[in-house]
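Structure first, commentary second.
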Amino acid sequence: MVVKGESRMGTKIDGNTHLFAVIGDPIAQSISPEMHNRIFEKMNANKAYMPLRIKPQDVEGAIPLLRDNFKGFNVTIPHKQEIMKYLDEIDQRAKDYGAVNTVKIENGKLKGYNTDGLGFVRSIEKEGIKLKDKRVLLLGAGGSSRVVAYELLLGGCHVTVSNRNLKRAEELKKELIKSTGNQNIDACDLEQIKKGYHYIVNATPVGTYPATEAMAISEDAIGGAELVYDLIYNPDQTKLLKAAAAGGSRTINGFPMLFYQAVKAQEIWLGQPIPEEVTAQVFEEMKSYVLKKLGK
Ligand code: NAP
């Protein structure tokens, strides 16, 4: 979707264009094409990125077309696990997460990666935030919580996974101890949160548009945390982030993670870092694009 008032050049496609895609169902809402094509344009690359709606029952059948025509693709809901069956190789991180969001195609072979966690880490590093020895309260025990907890443990944090379904949090804890070999993790019920965490990360959808008045924890439970990070980016400032900022906490929303996981995917496809001036420029452009799309 091109936001009214934007002045992007159209992407020209010819027989030498390297093609990339995002596969999912539904897919029309994805902002990935906008992000990736902007980066390609800035790098003056003959590359193009498109959304492809692929229904769950059609994933296997789509593989030959993807293999023979594309250099790589992203994978989104609901195919992040299913795609793993059809890959020739899977990177260790993606195996540990149990999900693939990026596939690189080289010499007819498909290799799966997952850049979500690296996107999270890069968004934290960009802000100069240190992870070592920090106590982190992580809300939720789903797919994104697993990824974030994995990276926090690797970064040297102590993580408390808090979920309304305690059993699921306990299971996640066990799996993370196994995959990371790190024991610095515990689990608790969302109703029984104690104060005193350095950082709080919301990896639940609570507070997402249109239910923007909801918060996964009470204002009181924020308890003066140094940083509150909400993976949600719609709205731009959730009720949790507003309450945290009002109490003096530093805040980050879900947009930087989304952006940097895309940058990391491109770096995997291209086999080299994207120049900092390109990422900085596209980051600012996409931030305004998303705000406009959200009607701000
Ligand atoms: P998921 O796998 O479905 O997990 C959702 C988690 O939230 C579960 O632990 C669930 O608890 C909990 N939850 C759901 N509704 C709740 C409620 N009303 N009250 C309390 N807890 C609730 O989802 P996900 O893929 O991890 O995504 C979570 C959020 O992160 C979404 O908003 C998603 O858009 C966002 N996200 C952002 C990025 C980014 O790049 N910024 C990347 C990935 C995800 P139960 O176990 O009890 O059901």
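Labels for the structure tokens follow display order: chains A, B, ..., residues from 1 in each chain, ligands from 1.
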Counting only C-alpha atoms and all ligand atoms, give me one row per residue of chain A with an atom at most 6 Å from an atom of ligand 1, showing the shortest contact pair and its distance in Å to one decimal, sorted by chain then residue number, as JSON lines.
```
{"residue": "A:Gly140", "atom": "CA", "partner": "ligand 1", "partner_atom_place_in_ligand_line": "9 (O)", "distance": 3.6}
{"residue": "A:Ala141", "atom": "CA", "partner": "ligand 1", "partner_atom_place_in_ligand_line": "9 (O)", "distance": 3.7}
{"residue": "A:Gly142", "atom": "CA", "partner": "ligand 1", "partner_atom_place_in_ligand_line": "4 (O)", "distance": 3.4}
{"residue": "A:Gly143", "atom": "CA", "partner": "ligand 1", "partner_atom_place_in_ligand_line": "26 (O)", "distance": 3.9}
{"residue": "A:Ser144", "atom": "CA", "partner": "ligand 1", "partner_atom_place_in_ligand_line": "26 (O)", "distance": 3.6}
{"residue": "A:Ser145", "atom": "CA", "partner": "ligand 1", "partner_atom_place_in_ligand_line": "26 (O)", "distance": 5.4}
{"residue": "A:Asn163", "atom": "CA", "partner": "ligand 1", "partner_atom_place_in_ligand_line": "9 (O)", "distance": 5.6}
{"residue": "A:Arg164", "atom": "CA", "partner": "ligand 1", "partner_atom_place_in_ligand_line": "47 (O)", "distance": 4.5}
{"residue": "A:Asn165", "atom": "CA", "partner": "ligand 1", "partner_atom_place_in_ligand_line": "47 (O)", "distance": 4.0}
{"residue": "A:Arg168", "atom": "CA", "partner": "ligand 1", "partner_atom_place_in_ligand_line": "46 (O)", "distance": 5.8}
{"residue": "A:Ala203", "atom": "CA", "partner": "ligand 1", "partner_atom_place_in_ligand_line": "30 (O)", "distance": 4.7}
{"residue": "A:Thr204", "atom": "CA", "partner": "ligand 1", "partner_atom_place_in_ligand_line": "7 (O)", "distance": 3.5}
{"residue": "A:Pro205", "atom": "CA", "partner": "ligand 1", "partner_atom_place_in_ligand_line": "32 (O)", "distance": 3.3}
{"residue": "A:Val206", "atom": "CA", "partner": "ligand 1", "partner_atom_place_in_ligand_line": "18 (N)", "distance": 5.5}
{"residue": "A:Ala216", "atom": "CA", "partner": "ligand 1", "partner_atom_place_in_ligand_line": "20 (C)", "distance": 5.5}
{"residue": "A:Leu231", "atom": "CA", "partner": "ligand 1", "partner_atom_place_in_ligand_line": "41 (N)", "distance": 4.4}
{"residue": "A:Ile232", "atom": "CA", "partner": "ligand 1", "partner_atom_place_in_ligand_line": "32 (O)", "distance": 4.9}
{"residue": "A:Gly254", "atom": "CA", "partner": "ligand 1", "partner_atom_place_in_ligand_line": "41 (N)", "distance": 3.6}
{"residue": "A:Phe255", "atom": "CA", "partner": "ligand 1", "partner_atom_place_in_ligand_line": "41 (N)", "distance": 5.4}
{"residue": "A:Met257", "atom": "CA", "partner": "ligand 1", "partner_atom_place_in_ligand_line": "40 (O)", "distance": 4.5}
{"residue": "A:Leu258", "atom": "CA", "partner": "ligand 1", "partner_atom_place_in_ligand_line": "40 (O)", "distance": 3.4}
```
TODO: Show which residues sit within 10 Å of region 110-113 of chain A, as a list in words. Count only C-alpha atoms, and ignore same-chain residues fewer than 6 positions away.
DONE: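 What passes the distance filter is Ile63, Leu66, Arg67, Lys71, Gly72, Phe73, Asn74, Val75, Ile83, Met84, Tyr86, Leu87, Asp88, Glu89, Ile90, Asp91, Gln92, Arg93, Ala94, Lys95, Tyr97, Ala99, Val100, Asn101, Thr102, Val103, Lys104, Ala265 and Ile268 of chain A.
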Task: Distance of CA of Ala62 (chain A) from CA of Phe40 (chain A), expressed in Å to one decimal place - done: 24.6 Å
Task: Residues within 12 Å of Ala214 (chain A), only C-alpha atoms, excluding chain neighbours under 5 positions, as a PyMOL selection string - done: chain A and resi 204-209+219+235+238-243
Requested write-out: all heavy atoms of the selected residues, as an mmCIF file, in the first residue's frame:
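Now in part-v9.cif:
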```cif
data_model
loop_
_atom_site.group_PDB
_atom_site.id
_atom_site.type_symbol
_atom_site.label_atom_id
_atom_site.label_comp_id
_atom_site.auth_asym_id
_atom_site.auth_seq_id
_atom_site.Cartn_x
_atom_site.Cartn_y
_atom_site.Cartn_z
ATOM 1 N N THR A 204 2.625 -9.820 24.909
ATOM 2 C CA THR A 204 1.232 -10.240 24.722
ATOM 3 C C THR A 204 0.599 -9.232 23.745
ATOM 4 O O THR A 204 1.117 -8.117 23.590
ATOM 5 C CB THR A 204 0.400 -10.217 26.027
ATOM 6 O OG1 THR A 204 0.041 -8.862 26.320
ATOM 7 C CG2 THR A 204 1.141 -10.824 27.201
ATOM 8 N N PRO A 205 -0.531 -9.594 23.131
ATOM 9 C CA PRO A 205 -1.186 -8.599 22.265
ATOM 10 C C PRO A 205 -2.058 -7.617 23.033
ATOM 11 O O PRO A 205 -2.769 -6.816 22.419
ATOM 12 C CB PRO A 205 -2.032 -9.476 21.333
ATOM 13 C CG PRO A 205 -2.259 -10.750 22.053
ATOM 14 C CD PRO A 205 -1.184 -10.918 23.077
ATOM 15 N N VAL A 206 -2.017 -7.658 24.363
ATOM 16 C CA VAL A 206 -2.928 -6.819 25.159
ATOM 17 C C VAL A 206 -2.569 -5.337 24.998
ATOM 18 O O VAL A 206 -1.445 -4.937 25.300
ATOM 19 C CB VAL A 206 -2.893 -7.223 26.651
ATOM 20 C CG1 VAL A 206 -3.885 -6.382 27.452
ATOM 21 C CG2 VAL A 206 -3.178 -8.702 26.816
ATOM 22 N N GLY A 207 -3.551 -4.563 24.503
ATOM 23 C CA GLY A 207 -3.333 -3.135 24.263
ATOM 24 C C GLY A 207 -3.289 -2.802 22.785
ATOM 25 O O GLY A 207 -3.234 -1.638 22.392
ATOM 26 N N THR A 208 -3.328 -3.845 21.934
ATOM 27 C CA THR A 208 -3.316 -3.636 20.479
ATOM 28 C C THR A 208 -4.633 -2.998 20.027
ATOM 29 O O THR A 208 -5.688 -3.301 20.590
ATOM 30 C CB THR A 208 -3.181 -5.004 19.751
ATOM 31 O OG1 THR A 208 -2.016 -5.661 20.241
ATOM 32 C CG2 THR A 208 -3.049 -4.839 18.243
ATOM 33 N N TYR A 209 -4.551 -2.130 19.008
ATOM 34 C CA TYR A 209 -5.742 -1.541 18.385
ATOM 35 C C TYR A 209 -6.697 -2.655 17.973
ATOM 36 O O TYR A 209 -6.248 -3.660 17.443
ATOM 37 C CB TYR A 209 -5.317 -0.720 17.162
ATOM 38 C CG TYR A 209 -6.482 -0.082 16.444
ATOM 39 C CD1 TYR A 209 -6.984 1.139 16.874
ATOM 40 C CD2 TYR A 209 -7.078 -0.734 15.356
ATOM 41 C CE1 TYR A 209 -8.065 1.702 16.218
ATOM 42 C CE2 TYR A 209 -8.162 -0.161 14.709
ATOM 43 C CZ TYR A 209 -8.652 1.059 15.147
ATOM 44 O OH TYR A 209 -9.718 1.616 14.507
ATOM 45 N N GLU A 219 -0.788 -0.526 36.464
ATOM 46 C CA GLU A 219 0.202 0.563 36.494
ATOM 47 C C GLU A 219 1.150 0.379 37.660
ATOM 48 O O GLU A 219 2.352 0.606 37.567
ATOM 49 C CB GLU A 219 -0.515 1.899 36.647
ATOM 50 C CG GLU A 219 -0.759 2.554 35.320
ATOM 51 C CD GLU A 219 -1.431 3.889 35.434
ATOM 52 O OE1 GLU A 219 -0.970 4.742 36.205
ATOM 53 O OE2 GLU A 219 -2.447 4.066 34.734
ATOM 54 N N PRO A 235 -1.456 0.569 18.708
ATOM 55 C CA PRO A 235 -1.051 1.954 18.493
ATOM 56 C C PRO A 235 0.449 2.152 18.734
ATOM 57 O O PRO A 235 1.103 1.326 19.365
ATOM 58 C CB PRO A 235 -1.858 2.716 19.547
ATOM 59 C CG PRO A 235 -2.005 1.743 20.664
ATOM 60 C CD PRO A 235 -2.146 0.404 20.008
ATOM 61 N N THR A 238 1.153 2.380 23.369
ATOM 62 C CA THR A 238 0.094 1.642 24.067
ATOM 63 C C THR A 238 -0.166 2.291 25.425
ATOM 64 O O THR A 238 0.637 3.106 25.903
ATOM 65 C CB THR A 238 0.526 0.181 24.300
ATOM 66 O OG1 THR A 238 1.762 0.209 25.015
ATOM 67 C CG2 THR A 238 0.675 -0.588 23.001
ATOM 68 N N LYS A 239 -1.251 1.853 26.048
ATOM 69 C CA LYS A 239 -1.555 2.375 27.390
ATOM 70 C C LYS A 239 -0.400 2.043 28.337
ATOM 71 O O LYS A 239 -0.026 2.862 29.185
ATOM 72 C CB LYS A 239 -2.868 1.755 27.886
ATOM 73 C CG LYS A 239 -3.364 2.416 29.135
ATOM 74 C CD LYS A 239 -4.732 1.926 29.527
ATOM 75 C CE LYS A 239 -5.160 2.614 30.810
ATOM 76 N NZ LYS A 239 -6.312 1.978 31.421
ATOM 77 N N LEU A 240 0.173 0.862 28.168
ATOM 78 C CA LEU A 240 1.310 0.454 29.017
ATOM 79 C C LEU A 240 2.485 1.421 28.844
ATOM 80 O O LEU A 240 3.083 1.873 29.832
ATOM 81 C CB LEU A 240 1.746 -0.975 28.646
ATOM 82 C CG LEU A 240 2.995 -1.489 29.358
ATOM 83 C CD1 LEU A 240 2.735 -1.726 30.847
ATOM 84 C CD2 LEU A 240 3.511 -2.780 28.717
ATOM 85 N N LEU A 241 2.814 1.757 27.608
ATOM 86 C CA LEU A 241 3.946 2.670 27.368
ATOM 87 C C LEU A 241 3.659 4.073 27.896
ATOM 88 O O LEU A 241 4.538 4.721 28.453
ATOM 89 C CB LEU A 241 4.286 2.729 25.876
ATOM 90 C CG LEU A 241 4.915 1.473 25.269
ATOM 91 C CD1 LEU A 241 5.426 1.766 23.861
ATOM 92 C CD2 LEU A 241 6.053 0.914 26.114
ATOM 93 N N LYS A 242 2.405 4.510 27.757
ATOM 94 C CA LYS A 242 2.051 5.848 28.267
ATOM 95 C C LYS A 242 2.192 5.882 29.784
ATOM 96 O O LYS A 242 2.742 6.825 30.352
ATOM 97 C CB LYS A 242 0.612 6.209 27.875
ATOM 98 C CG LYS A 242 0.471 6.582 26.410
ATOM 99 C CD LYS A 242 -0.985 6.968 26.147
ATOM 100 C CE LYS A 242 -1.261 7.143 24.667
ATOM 101 N NZ LYS A 242 -2.675 7.055 24.347
ATOM 102 N N ALA A 243 1.691 4.822 30.430
ATOM 103 C CA ALA A 243 1.773 4.768 31.898
ATOM 104 C C ALA A 243 3.236 4.696 32.340
ATOM 105 O O ALA A 243 3.647 5.348 33.310
ATOM 106 C CB ALA A 243 1.002 3.553 32.418
#
```
- [ ] Rank A:Val147, A:Val159, A:Ile129, A:Leu52 by their smallest atom-to-atom distance to Arg250 (chain A), using only C-alpha atoms, and report the top residue only.
- [x]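 Closest to Arg250 (chain A), using only C-alpha atoms: A:Ile129.
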Open item on the list: Using DSSP secondary structure from the backbone, list all alpha helix (DSSP H) positions within region 86-213 of chain A, as number ranges by chain.
Closed with: A: 92-97, 116-126, 143-154, 166-180
- [ ] Name the residues in contact with region 15-29 of chain A at a cut-off of 12 Å, using only C-alpha atoms, excluding same-chain residues fewer than 4 positions from it; report them as a ChimeraX atom specification.
- [x] /A:1-2,11,33-37,40,44-59,62-63,65-83,100-105,262,265-266,269-270,290,293-294
Open item on the list: If I take CA of Glu276 (chain A) and CA of Ile124 (chain A), how far is one from the other in Å, to one decimal?
Closed with: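 Computing it gives 16.2 Å between the two atoms.
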